[in-house]
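Here is the file model_10.cif (mmCIF, C-alpha atoms and all ligand atoms).
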```cif
data_upload
#
loop_
_atom_site.label_atom_id
_atom_site.label_comp_id
_atom_site.auth_asym_id
_atom_site.auth_seq_id
_atom_site.Cartn_x
_atom_site.Cartn_y
_atom_site.Cartn_z
CA MET A 1 -51.38 -31.99 -82.33
CA ILE A 2 -48.03 -33.48 -81.36
CA ASP A 3 -48.40 -36.52 -79.13
CA THR A 4 -45.64 -36.44 -76.55
CA ASN A 5 -46.20 -39.91 -75.14
CA PRO A 6 -42.62 -41.19 -74.86
CA ASN A 7 -43.75 -44.80 -75.23
CA GLN A 8 -45.45 -44.34 -78.56
CA ALA A 9 -43.50 -45.55 -81.58
CA LEU A 10 -43.19 -42.55 -83.83
CA LEU A 11 -41.59 -44.56 -86.59
CA SER A 12 -42.09 -48.26 -86.97
CA ILE A 13 -40.70 -50.37 -89.80
CA GLN A 14 -41.72 -53.99 -90.20
CA GLY A 15 -40.28 -56.54 -92.62
CA LEU A 16 -39.18 -53.88 -95.10
CA GLU A 17 -37.93 -55.10 -98.49
CA ILE A 18 -36.74 -52.83 -101.30
CA ASP A 19 -35.35 -53.89 -104.67
CA TYR A 20 -33.64 -51.85 -107.36
CA ARG A 21 -33.61 -52.69 -111.01
CA SER A 22 -30.09 -53.92 -111.70
CA ARG A 23 -27.80 -51.25 -113.17
CA GLU A 24 -26.85 -53.72 -115.92
CA GLY A 25 -30.49 -53.60 -117.00
CA HIS A 26 -31.57 -57.17 -116.23
CA GLY A 27 -33.00 -58.52 -112.99
CA HIS A 28 -33.14 -56.88 -109.57
CA VAL A 29 -30.78 -56.19 -106.67
CA SER A 30 -32.09 -56.46 -103.16
CA ALA A 31 -31.04 -53.33 -101.18
CA VAL A 32 -33.22 -53.86 -98.07
CA ASN A 33 -34.10 -57.36 -97.10
CA GLY A 34 -36.47 -57.76 -94.13
CA LEU A 35 -35.65 -54.75 -91.98
CA ASP A 36 -37.37 -54.00 -88.66
CA LEU A 37 -36.93 -51.04 -86.36
CA GLU A 38 -38.88 -48.85 -83.98
CA LEU A 39 -38.12 -45.29 -82.95
CA ARG A 40 -40.02 -43.65 -80.13
CA GLN A 41 -41.06 -40.05 -79.79
CA GLY A 42 -37.99 -37.96 -78.85
CA GLU A 43 -35.47 -40.74 -79.51
CA ILE A 44 -32.40 -40.41 -81.71
CA GLY A 45 -31.72 -43.53 -83.74
CA CYS A 46 -28.85 -44.36 -86.01
CA LEU A 47 -28.36 -46.94 -88.74
CA LEU A 48 -24.71 -47.96 -88.74
CA GLY A 49 -23.15 -50.08 -91.43
CA SER A 50 -20.54 -50.28 -94.11
CA SER A 51 -20.96 -48.89 -97.59
CA GLY A 52 -23.69 -50.54 -99.66
CA CYS A 53 -25.55 -52.19 -96.76
CA GLY A 54 -28.73 -50.26 -97.60
CA LYS A 55 -28.72 -47.38 -95.09
CA SER A 56 -29.53 -44.54 -97.51
CA THR A 57 -32.20 -46.63 -99.20
CA VAL A 58 -34.01 -46.97 -95.85
CA LEU A 59 -33.93 -43.17 -95.36
CA ARG A 60 -35.21 -42.58 -98.88
CA ALA A 61 -38.03 -45.06 -98.32
CA ILE A 62 -39.04 -43.34 -95.05
CA CYS A 63 -39.17 -40.02 -96.93
CA GLY A 64 -41.32 -41.61 -99.60
CA PHE A 65 -38.77 -41.56 -102.42
CA GLU A 66 -38.53 -45.34 -102.85
CA PRO A 67 -41.47 -47.72 -103.36
CA VAL A 68 -41.40 -50.76 -101.09
CA LYS A 69 -41.61 -54.34 -102.30
CA ALA A 70 -42.77 -55.83 -98.99
CA GLY A 71 -43.34 -54.73 -95.40
CA ASN A 72 -44.67 -51.51 -93.87
CA ILE A 73 -43.43 -48.12 -92.78
CA LEU A 74 -45.65 -46.52 -90.15
CA LEU A 75 -45.50 -42.95 -88.86
CA ARG A 76 -47.55 -42.45 -85.68
CA ASN A 77 -49.28 -45.80 -86.24
CA THR A 78 -50.40 -44.90 -89.76
CA VAL A 79 -49.06 -46.87 -92.72
CA VAL A 80 -47.28 -44.43 -95.05
CA SER A 81 -45.52 -47.03 -97.23
CA SER A 82 -46.43 -50.61 -98.08
CA PRO A 83 -46.75 -52.49 -101.37
CA SER A 84 -50.31 -51.13 -101.61
CA THR A 85 -49.99 -47.69 -99.91
CA HIS A 86 -47.78 -44.74 -100.71
CA LEU A 87 -48.21 -41.38 -99.01
CA ALA A 88 -46.55 -38.58 -101.03
CA PRO A 89 -43.26 -37.28 -99.57
CA ASN A 90 -44.65 -33.79 -98.92
CA GLN A 91 -47.47 -35.26 -96.81
CA ARG A 92 -45.18 -37.11 -94.41
CA ARG A 93 -44.01 -34.29 -92.09
CA ILE A 94 -40.39 -35.34 -92.39
CA GLY A 95 -37.32 -33.04 -92.47
CA MET A 96 -34.15 -34.08 -94.20
CA VAL A 97 -30.51 -33.06 -93.69
CA PHE A 98 -28.30 -34.14 -96.57
CA GLN A 99 -24.62 -35.11 -96.60
CA ASP A 100 -23.59 -31.87 -98.30
CA PHE A 101 -26.21 -29.81 -96.34
CA ALA A 102 -27.74 -28.63 -99.68
CA LEU A 103 -28.02 -24.97 -98.60
CA PHE A 104 -28.99 -22.46 -101.29
CA PRO A 105 -25.73 -20.62 -102.03
CA HIS A 106 -27.42 -17.41 -103.26
CA LEU A 107 -29.60 -17.05 -100.14
CA THR A 108 -28.46 -15.75 -96.74
CA VAL A 109 -28.61 -17.97 -93.69
CA LEU A 110 -31.92 -16.43 -92.61
CA GLU A 111 -33.40 -16.72 -96.11
CA ASN A 112 -32.35 -20.38 -96.26
CA ILE A 113 -34.42 -21.09 -93.16
CA ILE A 114 -37.35 -18.91 -94.27
CA PHE A 115 -37.47 -20.95 -97.49
CA GLY A 116 -39.03 -23.92 -95.68
CA LEU A 117 -41.65 -21.79 -93.91
CA HIS A 118 -43.97 -20.98 -96.81
CA HIS A 119 -46.90 -22.50 -94.92
CA LEU A 120 -46.69 -19.62 -92.41
CA PRO A 121 -48.13 -16.14 -93.00
CA ASN A 122 -45.51 -13.81 -94.45
CA GLU A 123 -45.00 -11.69 -91.33
CA LYS A 124 -44.34 -14.75 -89.14
CA ARG A 125 -41.61 -16.32 -91.28
CA ALA A 126 -38.63 -14.14 -90.30
CA PRO A 127 -39.36 -14.21 -86.53
CA VAL A 128 -39.75 -18.03 -86.60
CA ALA A 129 -36.55 -18.43 -88.65
CA ARG A 130 -34.69 -16.16 -86.19
CA GLU A 131 -35.94 -18.26 -83.27
CA TRP A 132 -34.50 -21.42 -84.89
CA LEU A 133 -31.21 -19.68 -85.64
CA LYS A 134 -31.01 -18.83 -81.95
CA ARG A 135 -31.57 -22.49 -81.07
CA VAL A 136 -28.58 -23.52 -83.16
CA PHE A 137 -26.48 -20.64 -81.74
CA LEU A 138 -26.12 -18.76 -85.03
CA SER A 139 -28.11 -15.56 -84.40
CA ASN A 140 -25.07 -13.47 -85.32
CA LYS A 141 -24.84 -15.09 -88.78
CA GLU A 142 -28.29 -14.40 -90.20
CA LYS A 143 -26.98 -12.13 -92.97
CA ALA A 144 -24.05 -14.37 -93.92
CA TYR A 145 -24.04 -16.53 -97.06
CA PRO A 146 -23.34 -20.27 -96.74
CA HIS A 147 -19.83 -20.00 -98.21
CA GLU A 148 -18.90 -17.56 -95.41
CA LEU A 149 -19.57 -20.19 -92.75
CA SER A 150 -17.48 -23.10 -91.49
CA GLY A 151 -18.64 -26.65 -92.29
CA GLY A 152 -19.97 -27.09 -88.76
CA GLN A 153 -21.92 -23.81 -88.96
CA GLN A 154 -23.39 -24.78 -92.35
CA GLN A 155 -24.49 -28.03 -90.83
CA ARG A 156 -26.29 -26.19 -88.02
CA VAL A 157 -28.07 -24.00 -90.59
CA ALA A 158 -29.16 -27.14 -92.45
CA LEU A 159 -30.40 -28.57 -89.16
CA ALA A 160 -32.30 -25.36 -88.29
CA ARG A 161 -33.85 -25.35 -91.79
CA ALA A 162 -35.01 -28.95 -91.33
CA MET A 163 -36.34 -28.32 -87.79
CA ALA A 164 -38.09 -24.96 -88.46
CA PRO A 165 -41.23 -26.39 -90.14
CA GLU A 166 -41.56 -28.63 -87.01
CA PRO A 167 -41.67 -32.01 -88.75
CA ASP A 168 -42.49 -35.17 -86.79
CA LEU A 169 -39.17 -36.72 -87.71
CA ILE A 170 -35.79 -35.55 -88.99
CA LEU A 171 -33.65 -37.82 -91.15
CA LEU A 172 -29.93 -37.15 -91.49
CA ASP A 173 -27.85 -38.84 -94.18
CA GLU A 174 -24.17 -39.09 -93.14
CA PRO A 175 -24.43 -35.60 -91.60
CA PHE A 176 -20.75 -35.39 -90.63
CA SER A 177 -19.08 -36.99 -93.63
CA SER A 178 -18.03 -33.74 -95.30
CA LEU A 179 -16.51 -32.34 -92.09
CA ASP A 180 -13.01 -32.70 -90.64
CA VAL A 181 -12.50 -35.96 -88.81
CA ASP A 182 -11.29 -34.09 -85.70
CA LEU A 183 -14.52 -32.11 -85.55
CA ARG A 184 -16.97 -34.93 -86.07
CA GLU A 185 -17.27 -36.28 -82.58
CA ARG A 186 -17.63 -32.80 -81.06
CA LEU A 187 -20.26 -31.86 -83.63
CA ALA A 188 -22.10 -35.12 -83.08
CA THR A 189 -22.34 -34.32 -79.36
CA GLU A 190 -23.42 -30.76 -80.15
CA MET A 191 -26.07 -31.98 -82.58
CA ARG A 192 -27.37 -34.42 -80.00
CA GLU A 193 -27.78 -31.57 -77.50
CA ILE A 194 -29.68 -29.44 -80.03
CA LEU A 195 -31.99 -32.31 -81.04
CA LYS A 196 -32.62 -33.33 -77.42
CA SER A 197 -33.25 -29.79 -76.14
CA ASN A 198 -35.85 -29.33 -78.90
CA ALA A 199 -37.39 -32.80 -78.28
CA ILE A 200 -36.83 -33.77 -81.92
CA THR A 201 -37.11 -37.40 -83.05
CA ALA A 202 -34.31 -38.16 -85.51
CA LEU A 203 -32.84 -41.03 -87.47
CA LEU A 204 -29.41 -40.73 -89.02
CA VAL A 205 -27.22 -43.03 -91.03
CA THR A 206 -23.46 -43.28 -90.77
CA HIS A 207 -20.65 -45.76 -91.26
CA ASP A 208 -18.75 -44.27 -88.31
CA GLN A 209 -19.25 -46.04 -85.01
CA PHE A 210 -17.97 -43.17 -82.87
CA GLU A 211 -20.42 -40.76 -84.45
CA ALA A 212 -23.24 -43.25 -83.94
CA PHE A 213 -22.33 -43.70 -80.27
CA ALA A 214 -21.89 -39.96 -79.66
CA ILE A 215 -25.29 -38.99 -81.00
CA ALA A 216 -27.77 -41.85 -80.77
CA ASP A 217 -29.95 -43.41 -78.08
CA LYS A 218 -30.44 -46.50 -80.24
CA VAL A 219 -28.12 -47.83 -82.89
CA GLY A 220 -28.99 -50.44 -85.49
CA VAL A 221 -26.07 -52.32 -86.98
CA MET A 222 -26.93 -53.09 -90.60
CA ALA A 223 -25.55 -55.70 -92.96
CA ASP A 224 -27.02 -57.03 -96.21
CA GLY A 225 -30.16 -54.93 -95.99
CA LYS A 226 -31.12 -56.02 -92.45
CA VAL A 227 -30.76 -54.58 -88.95
CA LEU A 228 -28.84 -57.25 -87.04
CA GLN A 229 -29.21 -55.59 -83.63
CA TRP A 230 -31.16 -52.46 -82.63
CA ASP A 231 -29.99 -51.44 -79.19
CA ALA A 232 -28.48 -48.77 -76.95
CA PRO A 233 -24.77 -48.22 -77.72
CA TYR A 234 -23.78 -49.73 -74.35
CA GLU A 235 -25.69 -52.94 -75.09
CA LEU A 236 -24.21 -53.22 -78.58
CA TYR A 237 -20.73 -52.89 -77.18
CA HIS A 238 -21.14 -55.16 -74.18
CA LYS A 239 -23.79 -57.60 -75.42
CA PRO A 240 -23.36 -58.04 -79.15
CA VAL A 241 -25.85 -60.68 -80.34
CA ASN A 242 -23.52 -62.26 -82.87
CA ARG A 243 -19.89 -62.40 -83.98
CA TYR A 244 -20.43 -59.94 -86.82
CA ILE A 245 -21.51 -57.22 -84.40
CA ALA A 246 -18.82 -58.12 -81.86
CA ASP A 247 -16.26 -57.72 -84.60
CA PHE A 248 -17.78 -54.58 -86.11
CA ILE A 249 -18.15 -52.69 -82.84
CA GLY A 250 -14.97 -51.85 -80.97
CA ARG A 251 -11.54 -53.27 -81.33
CA GLY A 252 -11.55 -56.84 -80.21
CA VAL A 253 -10.19 -60.29 -80.84
CA PHE A 254 -11.57 -63.73 -80.09
CA VAL A 255 -9.45 -65.98 -77.87
CA LYS A 256 -10.08 -69.63 -76.97
CA GLY A 257 -11.38 -70.51 -73.55
CA ILE A 258 -12.19 -73.78 -71.74
CA VAL A 259 -15.23 -73.86 -69.48
CA GLN A 260 -14.39 -74.74 -65.85
CA PRO A 261 -16.57 -75.91 -62.94
CA GLY A 262 -18.22 -73.09 -60.98
CA ARG A 263 -19.32 -71.03 -64.02
CA LYS A 264 -15.78 -70.01 -64.92
CA VAL A 265 -13.87 -70.01 -68.15
CA HIS A 266 -10.12 -70.38 -68.40
CA ILE A 267 -8.21 -68.38 -71.02
CA GLU A 268 -4.48 -67.86 -71.44
CA LEU A 269 -4.67 -64.64 -69.39
CA GLY A 270 -6.51 -66.13 -66.42
CA GLU A 271 -10.03 -67.03 -65.33
CA LEU A 272 -13.21 -65.16 -66.08
CA ALA A 273 -16.69 -65.53 -64.59
CA LEU A 274 -19.49 -66.47 -66.97
CA GLU A 275 -22.81 -64.62 -66.94
CA GLU A 276 -26.03 -66.32 -65.79
CA ASP A 277 -27.30 -66.76 -69.33
CA GLN A 278 -24.03 -68.21 -70.66
CA ILE A 279 -24.73 -71.92 -70.29
CA TYR A 280 -21.97 -74.31 -71.41
CA GLU A 281 -20.69 -77.71 -70.42
CA VAL A 282 -17.57 -78.07 -68.30
CA GLY A 283 -14.64 -78.74 -70.62
CA GLN A 284 -16.35 -77.13 -73.63
CA GLU A 285 -14.16 -74.91 -75.81
CA ILE A 286 -15.68 -71.48 -76.46
CA ASP A 287 -14.54 -68.16 -77.93
CA ILE A 288 -14.17 -65.14 -75.67
CA LEU A 289 -14.21 -61.61 -77.02
CA LEU A 290 -11.34 -59.54 -75.61
CA ARG A 291 -11.46 -55.80 -76.20
CA ALA A 292 -8.64 -53.28 -75.84
CA ASP A 293 -10.22 -51.91 -72.65
CA ASP A 294 -10.34 -55.38 -71.04
CA ILE A 295 -6.53 -55.44 -70.80
CA VAL A 296 -4.68 -53.22 -68.32
CA HIS A 297 -0.96 -52.54 -68.40
CA ASP A 298 0.58 -53.35 -65.03
CA ASP A 299 4.36 -53.23 -64.54
CA HIS A 300 4.10 -55.60 -61.57
CA SER A 301 2.07 -58.30 -63.29
CA PRO A 302 3.83 -61.62 -63.92
CA MET A 303 1.75 -62.02 -67.11
CA GLN A 304 3.96 -60.70 -69.91
CA ALA A 305 3.14 -59.82 -73.52
CA GLU A 306 5.31 -58.53 -76.33
CA VAL A 307 4.58 -55.18 -78.01
CA VAL A 308 4.27 -55.91 -81.74
CA ARG A 309 2.63 -52.68 -82.94
CA LYS A 310 1.57 -49.41 -81.39
CA THR A 311 -0.52 -46.43 -82.48
CA PHE A 312 -0.26 -43.11 -80.66
CA ARG A 313 -3.75 -41.69 -80.03
CA GLY A 314 -2.88 -38.69 -77.84
CA ALA A 315 -4.03 -39.66 -74.35
CA ASP A 316 -3.14 -43.30 -74.91
CA PHE A 317 -1.45 -45.82 -77.18
CA LEU A 318 -3.28 -48.67 -78.81
CA TYR A 319 -0.80 -51.51 -78.37
CA THR A 320 -1.01 -54.80 -80.23
CA LEU A 321 0.43 -57.37 -77.86
CA LYS A 322 1.54 -60.93 -78.57
CA LEU A 323 0.88 -63.53 -75.90
CA ARG A 324 3.09 -66.58 -75.29
CA SER A 325 0.75 -68.63 -77.52
CA ASP A 326 1.35 -66.15 -80.39
CA VAL A 327 -2.27 -64.90 -80.09
CA GLU A 328 -2.41 -61.12 -80.60
CA ILE A 329 -4.62 -58.92 -78.44
CA PHE A 330 -5.16 -55.16 -78.13
CA ALA A 331 -4.69 -52.86 -75.12
CA PHE A 332 -5.15 -49.14 -74.52
CA VAL A 333 -2.22 -47.93 -72.44
CA PRO A 334 -1.77 -44.35 -71.10
CA SER A 335 0.69 -42.58 -73.41
CA HIS A 336 3.32 -41.94 -70.74
CA HIS A 337 3.93 -45.73 -70.84
CA ASP A 338 5.89 -45.52 -74.07
CA HIS A 339 7.33 -49.02 -74.63
CA ALA A 340 9.39 -50.05 -77.63
CA ILE A 341 8.30 -52.60 -80.23
CA GLY A 342 9.67 -55.98 -79.17
CA GLU A 343 9.65 -55.08 -75.46
CA LYS A 344 7.73 -57.31 -73.00
CA ILE A 345 5.25 -55.54 -70.72
CA GLY A 346 3.14 -56.72 -67.77
CA ILE A 347 -0.63 -56.94 -68.27
CA HIS A 348 -3.70 -58.19 -66.50
CA LEU A 349 -7.28 -58.83 -67.35
CA VAL A 350 -10.12 -56.62 -66.07
CA ALA A 351 -13.06 -57.83 -68.16
CA ASP A 352 -16.14 -57.46 -65.96
CA HIS A 353 -18.56 -58.64 -68.62
CA VAL A 354 -17.59 -61.60 -70.76
CA VAL A 355 -18.85 -61.93 -74.33
CA THR A 356 -18.82 -65.57 -75.46
CA PHE A 357 -19.66 -67.46 -78.64
CA SER A 358 -19.67 -71.22 -79.13
CA ASP A 359 -20.46 -71.52 -82.82
N1 LIG B 401 -30.56 -46.46 -107.95
C1 LIG B 401 -30.00 -47.65 -107.75
N2 LIG B 401 -30.03 -48.60 -108.69
C2 LIG B 401 -29.50 -49.83 -108.52
N3 LIG B 401 -28.89 -50.20 -107.36
C3 LIG B 401 -28.81 -49.29 -106.38
C4 LIG B 401 -29.35 -47.97 -106.50
N4 LIG B 401 -29.12 -47.29 -105.34
C5 LIG B 401 -28.46 -48.15 -104.54
N5 LIG B 401 -28.28 -49.34 -105.13
C6 LIG B 401 -27.64 -50.55 -104.54
O1 LIG B 401 -28.37 -50.90 -103.37
C7 LIG B 401 -27.51 -51.26 -102.30
C8 LIG B 401 -27.73 -50.37 -101.09
O2 LIG B 401 -27.39 -49.02 -101.42
P1 LIG B 401 -27.46 -47.82 -100.37
O3 LIG B 401 -27.08 -46.56 -101.07
O4 LIG B 401 -28.76 -47.84 -99.67
O5 LIG B 401 -26.31 -48.26 -99.33
P2 LIG B 401 -25.60 -47.41 -98.20
O6 LIG B 401 -25.45 -48.32 -97.03
O7 LIG B 401 -26.34 -46.13 -97.97
O8 LIG B 401 -24.19 -47.13 -98.84
P3 LIG B 401 -23.27 -45.81 -98.75
O9 LIG B 401 -22.84 -45.69 -97.32
O10 LIG B 401 -22.15 -46.16 -99.68
O11 LIG B 401 -24.13 -44.67 -99.23
C9 LIG B 401 -26.09 -51.18 -102.87
O12 LIG B 401 -25.74 -52.46 -103.29
C10 LIG B 401 -26.24 -50.24 -104.05
O13 LIG B 401 -25.27 -50.54 -105.04
#
```

Just give me the structure of the file as structure tokens.
Amino acid sequence: MIDTNPNQALLSIQGLEIDYRSREGHGHVSAVNGLDLELRQGEIGCLLGSSGCGKSTVLRAICGFEPVKAGNILLRNTVVSSPSTHLAPNQRRIGMVFQDFALFPHLTVLENIIFGLHHLPNEKRAPVAREWLKRVFLSNKEKAYPHELSGGQQQRVALARAMAPEPDLILLDEPFSSLDVDLRERLATEMREILKSNAITALLVTHDQFEAFAIADKVGVMADGKVLQWDAPYELYHKPVNRYIADFIGRGVFVKGIVQPGRKVHIELGELALEEDQIYEVGQEIDILLRADDIVHDDHSPMQAEVVRKTFRGADFLYTLKLRSDVEIFAFVPSHHDHAIGEKIGIHLVADHVVTFSD
């Protein structure tokens, strides 16, 4: 029976280490190196990181395709992988959606979904498959073949096929990477709605921050086989635990600040209030993270900065602005404010939450 307690960890990974035999044939490479994470029933998690950081290896280990060197993987509080335990992949109640969707080209959409339902009596398979097609809004495509569908529709079939056997957990490996860039964010939002409305617990991996933020409740930023921070997207953006994450998430630069009396910090653009937990000595030099959305263009501001680069993004420009000290910062500016390179524009600071680092 499915336990719907939202506080129960459905997936829990502790101290996971995975090595591969080196491709050159001697020694080992460490792909996962002390990874922890916890996903609750109904949550959507995402591992975000650049190529080679170990994301796909973690998914394969959760499925049971990689043996683990150290640590544990638990599903519903039961160890399924450890150095001494290995539950076979087909016993884990996990559904998988691959990068290329891996649909059977010679089977119709309906037959693709029926394929995963062999545990059901024959007469129940087609009605159940039709029900899942309805849930991904593709009832009108049941007789189509995969090549007759758009990339986004194929992805929804792959999702329905993974969800139909009602696994405990769905894993998605770069589910948007073969789709048009313009579509990805919309499809990520759509996929989130489908997963949430069916109360599915899912873990995906991607290297695209916007996808991760559009779909996930919790995002884990990975580097060198570890999760550096496992948090809600808002927390990752506004409270990165280290410089690597601050740099990786969002467009930002570090500027120098000097701590002032009264829990303030002075930077070239003005004064900012420090948070309660940011404890520094007066006079100490610290780094402040400034993001593009912390800077507002204001024609009437006496604070001027020179436009050195600009990228048109539709609704806004991303300007790179040079301050008097030669430090360059970013700013999003509505696209009707079309200033030329070399022009000086007025700006002011609106950072309401300051991210600081002292080492
Ligand atoms: N079968 C293998 N044999 C040897 N090394 C491997 C093997 N598979 C992966 N690796 C290495 O392990 C590390 C992690 O690989 P993994 O595929 O998990 O990373 P990833 O974050 O998913 O990357 P990508 O986004 O490029 O798929 C990399 O250094 C990779 O070269």

Cut-off 6 Å: closest chain A/ligand LIG 401 (chain B) atom pairs per residue, using only C-alpha atoms and all ligand atoms, as a tab-separated table:
```
residue	atom	partner	partner_atom	distance
A:Tyr20	CA	B:LIG401	C2	4.8
A:Arg21	CA	B:LIG401	C2	5.6
A:Ser22	CA	B:LIG401	C2	5.2
A:Arg23	CA	B:LIG401	C2	5.2
A:Ala31	CA	B:LIG401	O1	4.2
A:Ser51	CA	B:LIG401	O10	3.6
A:Gly52	CA	B:LIG401	O5	3.5
A:Cys53	CA	B:LIG401	O6	3.9
A:Gly54	CA	B:LIG401	O4	3.2
A:Lys55	CA	B:LIG401	O6	3.9
A:Ser56	CA	B:LIG401	O7	3.6
A:Thr57	CA	B:LIG401	O4	3.7
```

Radius query 12 Å about (-28.7, -23.2, -96.5), atoms used: only C-alpha atoms, as number ranges by chain: A: 97-98, 100-116, 133, 141-149, 151, 153-162

Residue nearest Phe254 (chain A) among A:Thr356, A:Glu306, A:Asp180, A:Glu166 (counting all atoms listed in the file): A:Thr356

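Omitting region 190-200 of chain A and its sequence neighbours fewer than 4 positions away, and counting only C-alpha atoms, the residues within 9 Å are Gln41, Gly42, Glu43, Ile44, Arg135, Val136, Arg156, Leu159, Met163, Glu166, Pro167, Asp168, Leu169, Ile170, Glu185, Arg186, Ala214, Ile215 and Ala216 of chain A.
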
Preceding selection exported with C-alpha atoms as an mmCIF file, in the coordinates of the input:
```
data_model
loop_
_atom_site.group_PDB
_atom_site.id
_atom_site.type_symbol
_atom_site.label_atom_id
_atom_site.label_comp_id
_atom_site.auth_asym_id
_atom_site.auth_seq_id
_atom_site.Cartn_x
_atom_site.Cartn_y
_atom_site.Cartn_z
ATOM 1 C CA GLN A 41 -41.060 -40.050 -79.790
ATOM 2 C CA GLY A 42 -37.990 -37.960 -78.850
ATOM 3 C CA GLU A 43 -35.470 -40.740 -79.510
ATOM 4 C CA ILE A 44 -32.400 -40.410 -81.710
ATOM 5 C CA ARG A 135 -31.570 -22.490 -81.070
ATOM 6 C CA VAL A 136 -28.580 -23.520 -83.160
ATOM 7 C CA ARG A 156 -26.290 -26.190 -88.020
ATOM 8 C CA LEU A 159 -30.400 -28.570 -89.160
ATOM 9 C CA MET A 163 -36.340 -28.320 -87.790
ATOM 10 C CA GLU A 166 -41.560 -28.630 -87.010
ATOM 11 C CA PRO A 167 -41.670 -32.010 -88.750
ATOM 12 C CA ASP A 168 -42.490 -35.170 -86.790
ATOM 13 C CA LEU A 169 -39.170 -36.720 -87.710
ATOM 14 C CA ILE A 170 -35.790 -35.550 -88.990
ATOM 15 C CA GLU A 185 -17.270 -36.280 -82.580
ATOM 16 C CA ARG A 186 -17.630 -32.800 -81.060
ATOM 17 C CA ALA A 214 -21.890 -39.960 -79.660
ATOM 18 C CA ILE A 215 -25.290 -38.990 -81.000
ATOM 19 C CA ALA A 216 -27.770 -41.850 -80.770
#
```

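Nearest residue to Glu174 (chain A) among A:Leu47, A:Leu272, A:Ile295, A:Val253 is A:Leu47, counting all atoms listed in the file.
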
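Across the structure, CA of Val255 (chain A) and CA of Leu289 (chain A) are spaced 6.5 Å apart.
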
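For the residues A:Gly45, A:Pro67, A:Gly220, A:Gly262, ranking by smallest atom-to-atom distance to Ile279 (chain A) using only C-alpha atoms places A:Gly262 first.
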
Set up a box along x, y and z of the file covering all listed atoms of region 307-325 of chain A, add 3 Å on every one of the six sides, and write the centre and edge lengths in Å to one decimal, as JSON.
```
{"center_x": 0.3, "center_y": -53.7, "center_z": -78.6, "size_x": 14.6, "size_y": 35.9, "size_z": 14.6}
```

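A straight line drawn from CA of Trp132 (chain A) to CA of Phe213 (chain A) is 25.8 Å long.
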
Hey, what's within 12 Å of His353 (chain A) if we count all atoms listed in the file and toss same-chain stuff fewer than 3 positions away? As a short mmCIF file (atom, residue, chain, number, x, y, z; two decimals) with C-alpha atoms, in the coordinates of the input, please?
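As a result, part-v4.cif now contains:
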```
data_model
loop_
_atom_site.label_atom_id
_atom_site.label_comp_id
_atom_site.auth_asym_id
_atom_site.auth_seq_id
_atom_site.Cartn_x
_atom_site.Cartn_y
_atom_site.Cartn_z
CA TYR A 234 -23.78 -49.73 -74.35
CA GLU A 235 -25.69 -52.94 -75.09
CA TYR A 237 -20.73 -52.89 -77.18
CA HIS A 238 -21.14 -55.16 -74.18
CA LYS A 239 -23.79 -57.60 -75.42
CA PRO A 240 -23.36 -58.04 -79.15
CA LEU A 272 -13.21 -65.16 -66.08
CA ALA A 273 -16.69 -65.53 -64.59
CA LEU A 274 -19.49 -66.47 -66.97
CA GLU A 275 -22.81 -64.62 -66.94
CA GLU A 276 -26.03 -66.32 -65.79
CA ASP A 277 -27.30 -66.76 -69.33
CA GLN A 278 -24.03 -68.21 -70.66
CA ILE A 288 -14.17 -65.14 -75.67
CA LEU A 289 -14.21 -61.61 -77.02
CA LEU A 290 -11.34 -59.54 -75.61
CA ARG A 291 -11.46 -55.80 -76.20
CA ASP A 293 -10.22 -51.91 -72.65
CA ASP A 294 -10.34 -55.38 -71.04
CA LEU A 349 -7.28 -58.83 -67.35
CA VAL A 350 -10.12 -56.62 -66.07
CA THR A 356 -18.82 -65.57 -75.46
#
```

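For the pair CA of Leu236 (chain A) and CA of Gly252 (chain A), the separation is 13.3 Å.
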
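The shortest atom-to-atom distance to Gly95 (chain A), with all atoms listed in the file taken into account, belongs to A:Ala202 out of A:Lys134, A:Ser139, A:Ala202, A:Val68.
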
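By chain and then residue number, the residues within 7 Å of His297 (chain A) are A:Val333, A:Gly346, A:Ile347, A:His348, counting all atoms listed in the file and disregarding those fewer than 4 positions away in sequence.
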
C-alpha atoms of the current selection, written as an mmCIF file, in the coordinates of the input:
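So selection.cif came out as:
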```cif
data_model
loop_
_atom_site.group_PDB
_atom_site.id
_atom_site.type_symbol
_atom_site.label_atom_id
_atom_site.label_comp_id
_atom_site.auth_asym_id
_atom_site.auth_seq_id
_atom_site.Cartn_x
_atom_site.Cartn_y
_atom_site.Cartn_z
ATOM 1 C CA VAL A 333 -2.220 -47.930 -72.440
ATOM 2 C CA GLY A 346 3.140 -56.720 -67.770
ATOM 3 C CA ILE A 347 -0.630 -56.940 -68.270
ATOM 4 C CA HIS A 348 -3.700 -58.190 -66.500
#
```

Near-Lys310 (chain A) list (10 Å; all atoms listed in the file; drop same-chain fewer than 6 positions) as a ChimeraX atom specification: /A:317-321,330-333,338-341
